[in-house]
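J.: So here's protein_9.cif (mmCIF, C-alpha atoms).
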data_coords
loop_
_atom_site.label_atom_id
_atom_site.label_comp_id
_atom_site.auth_asym_id
_atom_site.auth_seq_id
_atom_site.Cartn_x
_atom_site.Cartn_y
_atom_site.Cartn_z
CA MET A 1499 175.12 120.64 169.00
CA ASN A 1500 172.01 122.27 167.60
CA LYS A 1501 172.17 120.15 164.44
CA LYS A 1502 172.25 116.99 166.59
CA LEU A 1503 169.29 118.18 168.60
CA ILE A 1504 167.32 119.07 165.48
CA GLY A 1505 168.19 115.69 163.93
CA LEU A 1506 166.99 113.86 167.05
CA PHE A 1507 163.82 115.93 167.15
CA VAL A 1508 163.05 115.26 163.47
CA SER A 1509 163.73 111.53 163.80
CA GLY A 1510 161.55 111.40 166.92
CA PHE A 1511 158.79 113.26 165.11
CA ILE A 1512 159.00 110.87 162.14
CA GLY A 1513 158.88 107.91 164.53
CA LEU A 1514 155.75 109.30 166.21
CA ALA A 1515 154.12 109.94 162.82
CA ILE A 1516 154.79 106.34 161.76
CA ALA A 1517 153.44 105.04 165.09
CA PHE A 1518 150.32 107.18 164.68
CA ALA A 1519 149.74 105.90 161.13
CA LEU A 1520 150.13 102.28 162.25
CA ASN A 1521 147.77 102.90 165.16
CA GLN A 1522 145.10 104.31 162.83
CA ARG A 1523 145.45 101.30 160.54
CA SER A 1524 145.06 98.93 163.49
CA LEU A 1525 141.95 100.77 164.65
CA ARG A 1526 140.36 100.48 161.18
CA GLU A 1527 141.10 96.74 161.12
CA LEU A 1528 139.71 96.35 164.63
CA LYS A 1529 136.50 98.13 163.64
CA SER A 1530 136.10 95.84 160.63
CA GLU A 1531 136.65 92.75 162.77
CA ARG A 1532 134.18 94.02 165.37
CA GLU A 1533 131.49 94.37 162.71
CA THR A 1534 132.20 90.80 161.59
CA VAL A 1535 131.86 89.58 165.17
CA TYR A 1536 128.49 91.34 165.51
CA ARG A 1537 127.22 89.68 162.32
CA VAL A 1538 128.39 86.25 163.49
CA GLN A 1539 126.80 86.85 166.88
CA ALA A 1540 123.48 87.69 165.22
CA VAL A 1541 123.64 84.44 163.23
CA ILE A 1542 124.42 82.47 166.40
CA VAL A 1543 121.43 84.03 168.17
CA LEU A 1544 119.22 83.17 165.19
CA PHE A 1545 120.38 79.55 165.21
CA HIS A 1546 119.87 79.37 168.97
CA LYS A 1547 116.28 80.59 168.65
CA PHE A 1548 115.63 78.13 165.84
CA SER A 1549 117.18 75.30 167.83
CA ARG A 1550 115.06 76.13 170.90
CA SER A 1551 111.90 76.29 168.81
CA PHE A 1552 112.76 73.10 166.96
CA ASN A 1553 113.51 71.19 170.16
CA SER A 1554 110.31 72.46 171.75
CA ALA A 1555 108.29 71.48 168.71
CA GLN A 1556 109.98 68.10 168.51
CA ILE A 1557 109.41 67.26 172.17
CA TYR A 1558 105.85 68.50 172.61
CA THR A 1559 104.25 67.79 169.22
CA PRO A 1560 103.16 64.23 170.11
CA ALA A 1561 101.69 65.36 173.42
CA LEU A 1562 99.85 68.47 172.17
CA ASP A 1563 96.67 66.54 171.44
CA THR A 1564 96.43 65.43 175.08
CA LEU A 1565 97.38 68.74 176.70
CA PRO A 1566 94.67 71.17 177.81
CA ASN A 1567 94.45 74.47 175.94
CA THR A 1568 96.65 76.69 178.10
CA LYS A 1569 99.15 79.47 177.59
CA MET A 1570 101.91 76.86 177.55
CA THR A 1571 100.18 74.93 174.76
CA ARG A 1572 99.83 78.10 172.69
CA PHE A 1573 103.51 78.81 173.33
CA TYR A 1574 104.47 75.42 171.91
CA TYR A 1575 102.14 75.89 168.94
CA SER A 1576 103.89 79.18 168.19
CA ASP A 1577 107.24 77.39 168.41
CA ILE A 1578 106.03 74.79 165.92
CA LYS A 1579 104.85 77.52 163.55
CA SER A 1580 108.13 79.41 163.85
CA VAL A 1581 110.10 76.32 162.83
CA PHE A 1582 108.17 76.04 159.58
#
Output the file's structure in the form of structure tokens.
T.:
Amino acid sequence: MNKKLIGLFVSGFIGLAIAFALNQRSLRELKSERETVYRVQAVIVLFHKFSRSFNSAQIYTPALDTLPNTKMTRFYYSDIKSVF
């Protein structure tokens, strides 16, 4: 009876050790994927800012000569500069 109990305990312990090792591997892979997602997110934000600036510059460039010199005009000038 004791040999059966020891055998079950050892096999259970080995099973837990394997599960722990697989869990650690999954966590490392998850961390790597999370870092990739953060890099992709930063690129998306950069493209969004560029797109906003480009659209603003594209829409308001023809009208800038007729607009009064206001904060909004300076904002669009800065968008035009940021595109280039």
J.: Would you compute the distance between CA of Thr1534 in chain A and CA of Asn1521 in chain A? Give it in Å to one decimal.
T.: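 Calculated distance between CA of Thr1534 in chain A and CA of Asn1521 in chain A is 20.0 Å.
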J.: Give me, please, the distance in Å between CA of Leu1503 in chain A and CA of Leu1520 in chain A, quoted to one decimal.
T.: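 According to the coordinates, CA of Leu1503 in chain A and CA of Leu1520 in chain A are separated by 25.7 Å.
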J.: For CA of Ala1519 in chain A and CA of Phe1507 in chain A, quote the distance in Å rounded to one decimal.
T.: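 We find that CA of Ala1519 in chain A and CA of Phe1507 in chain A lie 18.3 Å from each other.
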